[in-house]
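Single-structure report; data block below.
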Amino acid sequence: MNAVVRLMLRDARVLNRGLVALQLILPLFFLFVASFPLTSLIAPFQVGGQAISYQRFLATGLIAQTTMTGSLIGGTLLFTDRRHGMFGQILVGPATRADYATSKMLSSAAIGLSGAVVVAAFGLPFTYGVHPTLPGAALALGAVLAGAFFFAGLSVILASVFRSLEAFEGTFNLLLILLTFVSSSLYPLSAVPSGLRGLMLLNPLTYDVDLLRMGILGFGSPYAPWEALALSVECVLVFVGAVAALRRTARLEAA
Amino acid sequence: MLAVETRSLSRSFGAVDAVTEVTIQVEEGEVFGFLGPNGAGKTTTIRMLTTALPPSSGEARVLGMDVRTDGSRLRPQIGVVQQGESCEFSSTVEDAMDIYGMLWDVPRREREERARELLETFQLEAHREKRVNELSLGLRRRLQVAREFIHPMRLLFLDEPTVGLDPMARRGTLEMIKGRAREGMTVFLTTQNLDEAERLCDRVAVINHGRIVTADTPAGLKRRFGGLRAVKVSVESGDRGVLAARMREVAGVSGVEEEPTGEVVAWTSDPKRAFDEIIELEGQAGLRFATVTVREPSLEQAFINLIEREETGS
Ligand SMILES: Nc1ncnc2c1ncn2[C@@H]1O[C@H](COP(=O)(O)OP(=O)(O)O)[C@@H](O)[C@H]1O
Ligand SMILES: [Mg+2]
């Protein structure tokens with residue numbers, strides 16, 4: 001069996017499943033509690049030339065958002081490995097640094113993806129009546145995959161930067177909230193003052209959410225190729241960053 | 001082939017020279033002990049040999065492979081028990097063991113069987129279902145040492161493996177190491193427990209302030225650095241004062257003491273000759289001996305003498 005697969009199996013076995021489940025509570029809460037009153041307050045609005053109910057808009061936004069919350073848990077895996085000495089032990093064992101880095105990225109992405117699948121199972125019924133095309137479904141899947149990958153890299157970078165778990169967790173939670181509000185997951189870009197829009201366009205979650213919505217809800221946007229390009233570029237950047245961060249961590253641990 | 005071969009291996013941290021020009025050779029199948037006081041450079045050496053830390057200069061080959069360039073080929077053939085703690089804190093003892101075996105790609109059947117044996121040898125069965133984070137420090141150390149034996153290896157590095165272990169666990173560890181060494185595995189261990197080194201090691205090297213002071217068999221070290229040997233007489237009848245006076249006359253005896261236990265002890269650098277002459281004293285002046293024994297110096301004494309000599313620069 002391949003070392004990367006073995007490391008991922010280990011991640012699955014040592015993972016704090018409670019923590020993963022906890023990350024699903026907020027999106028599900030939004031879906032089943034907050035979305036009803038919000039939808040009664042917010043009239044259907046226009047996105048991509050379609051009128052859309054807030055519930056439908058929110059449900060799709062939450063799926064993408066879960067890739068972010070889930071992936072970031074992957075960072076805690078790296079963090080606990082460092083704290084408990086397993087990082088150093090594994091690197092003098094049968095896995096290379098590259099195996100380790102790859103496995104952590106893939107594990108984080110897998111956690112993000114599985115979270116998204118759970119939220120999709122509950123959220124997609126809210127899009128009842130929409131019939132996504134095959135390319136649309138593929139686009140949505142691609143967006144979720146890219147998002148999971150991006151946030152996996154981000155979590156690995158964050159976990160390598162911090163020395164204390166408390167600082168890591170504090171920053172991590174703050175970042176989650178900031179990224180959520182500075183994205184189009186809860187409200188459409190058009191409703192945001194233009195000053196803030198620039199900020200939202202830096203956030204990969206915005207692209208992740210937009211592409212997912214286009215795929216599932218079937219509306220077109222002239223920006224789609226650009227959004228896909230931006231998300232891809234951000235994925236590449238974060239991957240390079242994550243590999244560098246892990247290298248640096250290994251070097252620091254060694255010295 | 002040599003299992004470990006270093007030439008002028010050195011490592012510094014900023015201005016601190018942790019290891020300086022260490023040259024050692026460890027034969028395959030040997031149990032090699034690396035002795036030295038705290039801060040001597042034992043851990044730094046092991047970390048270089050296990051590819052965790054790049055050397056500043058010098059060379060090191062482990063199982064014929066260069067630690068600088070052949071790390072990924074070398075690591076699958078060695079086991080490492082690091083000095084620092086490393087555990088799967090959130091798993092149970094038996095899961096932690098199994099996960100470690102899986103990481104090493106030991107087939108499930110085999111690792112289940114080995115885990116059972118190891119938990120027994122290291123007396124961890126009673127704790128098998130406990131979470132690792134509920135264990136005491138000593139039990140966690142036991143688990144860390146035990147799990148390393150779950151995978152096959154040609155060479156095992158252990159950095160102060162028995163620190164924090166109780167006597168039973170310590171014995172389990174030593175038995176395990178001995179057993180695997182008999183089957184041909186090479187062992188490189190650091191320790192500050194000289195008794196352990198004496199019982200376990202074929203050869204030892206002493207390191208102090210980052211430099212190798214000497215390398216020898218435990219017996220050779222004792223012979224060379226153990227200092228004076230004691231010839232002890234326990235008297236059955238007769239005057240101990242008279243005996244002490246006569247023993248002082250024996251050639252090569254540098255001092256005599258009457259111990260509170262009733263024994264009379266002569267210190268000498270030539271125990272064979274002193275022994276023969278002291279035996280001859282029986283019968284004189286009504287002396288009768290119960291036993292006459294020669295006490296060998298301990299490795300510990302040799303070690304202390306050696307380090308003290310180093311420190312005073314004599
Ligand atoms: N990462 C490090 N940074 C700075 N100094 C270190 C580091 N590791 C070890 N040292 C220093 O190197 C010397 C040897 O340490 P070490 O190899 O741990 O000794 P030992 O294991 O024999 O107790 C000590 O003076 C120690 O303080
Ligand atoms: Mg040490």
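Identifiers for the structure tokens are assigned positionally: chains receive A, B, ... in sequence, residues are indexed from 1 per chain, and ligands are indexed from 1 in the order shown.
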With only C-alpha atoms and all ligand atoms counted, collect every polymer residue having an atom within 12 Å of ligand 2; state the result as an MDAnalysis selection string.
chainID B and resid 18:19 34:47 81:84 158:161 163 189:192 207 210
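Residues surrounding B:Arg309 within 12 Å are Asn208, Val213, Phe225, Gly226, Gly227, Ala302, Phe303, Ile304, Asn305, Leu306, Thr312, Gly313 and Ser314 of chain B [only C-alpha atoms; sequence separation below 3 positions excluded].
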With only C-alpha atoms counted and 6 Å as the cut-off, give the residues of chain A in contact with chain B, each with its shortest interatomic distance in Å and the pair that gives it, as JSON lines.
```
{"residue": "A:Arg6", "atom": "CA", "partner": "B:Leu103", "partner_atom": "CA", "distance": 5.7}
{"residue": "A:His84", "atom": "CA", "partner": "B:Ser86", "partner_atom": "CA", "distance": 5.3}
{"residue": "A:Gly85", "atom": "CA", "partner": "B:Ser86", "partner_atom": "CA", "distance": 4.1}
{"residue": "A:Met86", "atom": "CA", "partner": "B:Ser86", "partner_atom": "CA", "distance": 5.1}
{"residue": "A:Gly93", "atom": "CA", "partner": "B:Arg75", "partner_atom": "CA", "distance": 5.6}
{"residue": "A:Pro94", "atom": "CA", "partner": "B:Pro76", "partner_atom": "CA", "distance": 4.7}
{"residue": "A:Ala254", "atom": "CA", "partner": "B:Leu53", "partner_atom": "CA", "distance": 5.5}
```
Keeping only N, CA, C and O atoms, write the selected residues to a file as a PDB file, in the first residue's frame.
```pdb
ATOM      1  N   ARG A   6      -1.592   5.196   3.337  1.00  0.00           N
ATOM      2  CA  ARG A   6      -1.471   4.758   4.733  1.00  0.00           C
ATOM      3  C   ARG A   6      -1.574   5.948   5.679  1.00  0.00           C
ATOM      4  O   ARG A   6      -2.224   5.883   6.714  1.00  0.00           O
ATOM      5  N   HIS A  84       2.217  16.351  19.389  1.00  0.00           N
ATOM      6  CA  HIS A  84       2.386  15.044  20.022  1.00  0.00           C
ATOM      7  C   HIS A  84       3.609  14.292  19.536  1.00  0.00           C
ATOM      8  O   HIS A  84       3.758  13.108  19.799  1.00  0.00           O
ATOM      9  N   GLY A  85       4.464  14.990  18.796  1.00  0.00           N
ATOM     10  CA  GLY A  85       5.724  14.372  18.389  1.00  0.00           C
ATOM     11  C   GLY A  85       5.613  13.401  17.229  1.00  0.00           C
ATOM     12  O   GLY A  85       6.611  12.827  16.795  1.00  0.00           O
ATOM     13  N   MET A  86       4.408  13.187  16.699  1.00  0.00           N
ATOM     14  CA  MET A  86       4.258  12.207  15.626  1.00  0.00           C
ATOM     15  C   MET A  86       4.780  12.728  14.286  1.00  0.00           C
ATOM     16  O   MET A  86       5.171  11.954  13.424  1.00  0.00           O
ATOM     17  N   GLY A  93      10.401   7.727   9.810  1.00  0.00           N
ATOM     18  CA  GLY A  93       9.835   6.420   9.499  1.00  0.00           C
ATOM     19  C   GLY A  93       9.747   6.210   8.001  1.00  0.00           C
ATOM     20  O   GLY A  93      10.515   6.786   7.242  1.00  0.00           O
ATOM     21  N   PRO A  94       8.781   5.386   7.577  1.00  0.00           N
ATOM     22  CA  PRO A  94       8.766   4.962   6.177  1.00  0.00           C
ATOM     23  C   PRO A  94       8.104   5.948   5.219  1.00  0.00           C
ATOM     24  O   PRO A  94       7.880   5.602   4.073  1.00  0.00           O
ATOM     25  N   ALA A 254      13.428  20.233  13.079  1.00  0.00           N
ATOM     26  CA  ALA A 254      14.718  19.545  13.099  1.00  0.00           C
ATOM     27  C   ALA A 254      15.757  20.350  13.868  1.00  0.00           C
ATOM     28  O   ALA A 254      16.570  19.799  14.587  1.00  0.00           O
TER      29      ALA A 254
END
```
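Taking atom CA of A:Thr67 and atom CA of A:Leu176 as the two end points, the separation is 11.1 Å.
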For A:Gln23, find every residue with an atom within 8 Å (counting only C-alpha atoms), except residues of its own chain fewer than 5 positions away, and show them as a PyMOL selection string.
chain A and resi 66+69-70
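Going from atom CA of A:Leu237 to atom CA of A:Gly153 covers 9.2 Å.
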When DSSP is applied to the backbone of this structure, which of stretch 24-158 of chain A are assigned alpha helix (DSSP H)? Write them out as a VMD selection string.
chain A and resid 24 to 29 35 to 41 54 to 83 86 to 91 97 to 123 134 to 158
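Among the candidate residues A:Leu91, A:Gly115, A:Ser35, A:Leu78, the one lying nearest to A:Leu22 is A:Gly115, with distances computed using only C-alpha atoms.
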Using only C-alpha atoms, which residues sit within 10 Å of A:Ala138 once same-chain residues fewer than 6 positions away are excluded, as a ChimeraX atom specification?
/A:132,144,212,215-216
Output file for the selection above: N, CA and C atoms, as a PDB file, in the first residue's frame:
```pdb
ATOM      1  N   PRO A 132     -30.448  20.348 -13.041  1.00  0.00           N
ATOM      2  CA  PRO A 132     -29.128  20.718 -13.554  1.00  0.00           C
ATOM      3  C   PRO A 132     -28.736  19.823 -14.729  1.00  0.00           C
ATOM      4  N   VAL A 144     -16.570  22.465  -6.020  1.00  0.00           N
ATOM      5  CA  VAL A 144     -16.428  21.938  -4.662  1.00  0.00           C
ATOM      6  C   VAL A 144     -15.041  21.327  -4.472  1.00  0.00           C
ATOM      7  N   LEU A 212     -20.474  26.906  -8.085  1.00  0.00           N
ATOM      8  CA  LEU A 212     -21.382  25.853  -7.631  1.00  0.00           C
ATOM      9  C   LEU A 212     -22.834  26.218  -7.953  1.00  0.00           C
ATOM     10  N   GLY A 215     -23.582  25.922 -11.595  1.00  0.00           N
ATOM     11  CA  GLY A 215     -23.714  24.508 -11.967  1.00  0.00           C
ATOM     12  C   GLY A 215     -25.047  23.934 -11.556  1.00  0.00           C
ATOM     13  N   ILE A 216     -25.422  24.173 -10.320  1.00  0.00           N
ATOM     14  CA  ILE A 216     -26.625  23.525  -9.803  1.00  0.00           C
ATOM     15  C   ILE A 216     -27.895  24.243 -10.265  1.00  0.00           C
TER      16      ILE A 216
END
```
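Distance-wise, atom CA of B:Ala215 and atom CA of B:Cys201 end up 11.8 Å apart.
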Please provide the set of residues having any atom within 12 Å of A:Leu229, restricted to only C-alpha atoms, with same-chain residues fewer than 4 positions apart removed, written as a VMD selection string.
chain A and resid 143 146 204 207 to 208 211 223 to 225 233 to 236
Please return, as a short mmCIF file (atom, residue, chain, number, x, y, z; two decimals) with C-alpha atoms, in the first residue's frame, all residues of stretch 29-240 of chain B that DSSP assigns to strand (DSSP E) on the basis of the backbone.
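Result file is states31.cif:
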```cif
data_model
loop_
_atom_site.label_atom_id
_atom_site.label_comp_id
_atom_site.auth_asym_id
_atom_site.auth_seq_id
_atom_site.Cartn_x
_atom_site.Cartn_y
_atom_site.Cartn_z
CA VAL B 31 24.63 -3.85 20.40
CA PHE B 32 26.38 -0.53 20.62
CA GLY B 33 26.02 1.79 23.59
CA PHE B 34 26.54 5.51 23.41
CA LEU B 35 27.26 6.83 26.89
CA SER B 57 30.18 18.69 8.45
CA GLY B 58 31.73 15.26 8.29
CA GLU B 59 30.26 12.04 6.96
CA ALA B 60 27.90 9.40 8.18
CA ARG B 61 26.89 6.16 6.53
CA VAL B 62 24.19 4.00 8.02
CA MET B 65 23.85 4.64 2.94
CA ASP B 66 24.72 8.30 3.19
CA ILE B 78 15.70 1.37 10.58
CA GLY B 79 13.61 1.83 13.70
CA VAL B 80 13.85 4.92 15.87
CA VAL B 81 12.81 5.43 19.47
CA LEU B 155 19.02 -1.45 12.76
CA LEU B 156 17.28 0.07 15.76
CA PHE B 157 18.20 3.40 17.34
CA LEU B 158 17.02 4.02 20.89
CA ASP B 159 17.64 7.32 22.67
CA THR B 186 21.94 -4.14 15.10
CA VAL B 187 21.18 -1.88 18.05
CA PHE B 188 22.49 1.61 18.69
CA LEU B 189 21.34 2.97 22.03
CA THR B 190 22.18 5.88 24.24
CA THR B 191 21.92 5.56 27.96
CA ARG B 203 30.76 -2.24 22.82
CA VAL B 204 30.35 1.27 24.16
CA ALA B 205 31.61 4.70 23.20
CA VAL B 206 31.82 7.49 25.73
CA ILE B 207 31.02 11.00 24.52
CA ASN B 208 31.57 14.20 26.47
CA ARG B 211 33.63 14.55 21.44
CA ILE B 212 34.27 10.83 21.64
CA VAL B 213 36.42 10.14 24.67
CA THR B 214 36.94 6.45 24.10
CA ALA B 215 35.35 3.33 22.63
CA ASP B 216 35.79 -0.18 23.98
CA ARG B 229 40.23 -3.15 42.46
CA ALA B 230 39.29 -4.32 45.91
CA VAL B 231 40.34 -7.58 47.54
CA LYS B 232 37.89 -8.20 50.39
CA VAL B 233 38.51 -10.53 53.31
CA SER B 234 35.75 -11.48 55.68
CA VAL B 235 37.37 -12.72 58.87
CA GLU B 236 36.11 -15.78 60.72
CA SER B 237 38.49 -15.50 63.67
#
```
May I have the residues within 7 Å of stretch 113-123 of chain B as a ChimeraX atom specification, using only C-alpha atoms and disregarding those fewer than 4 positions away in the same chain?
/B:97,109,142,146,150,169,172
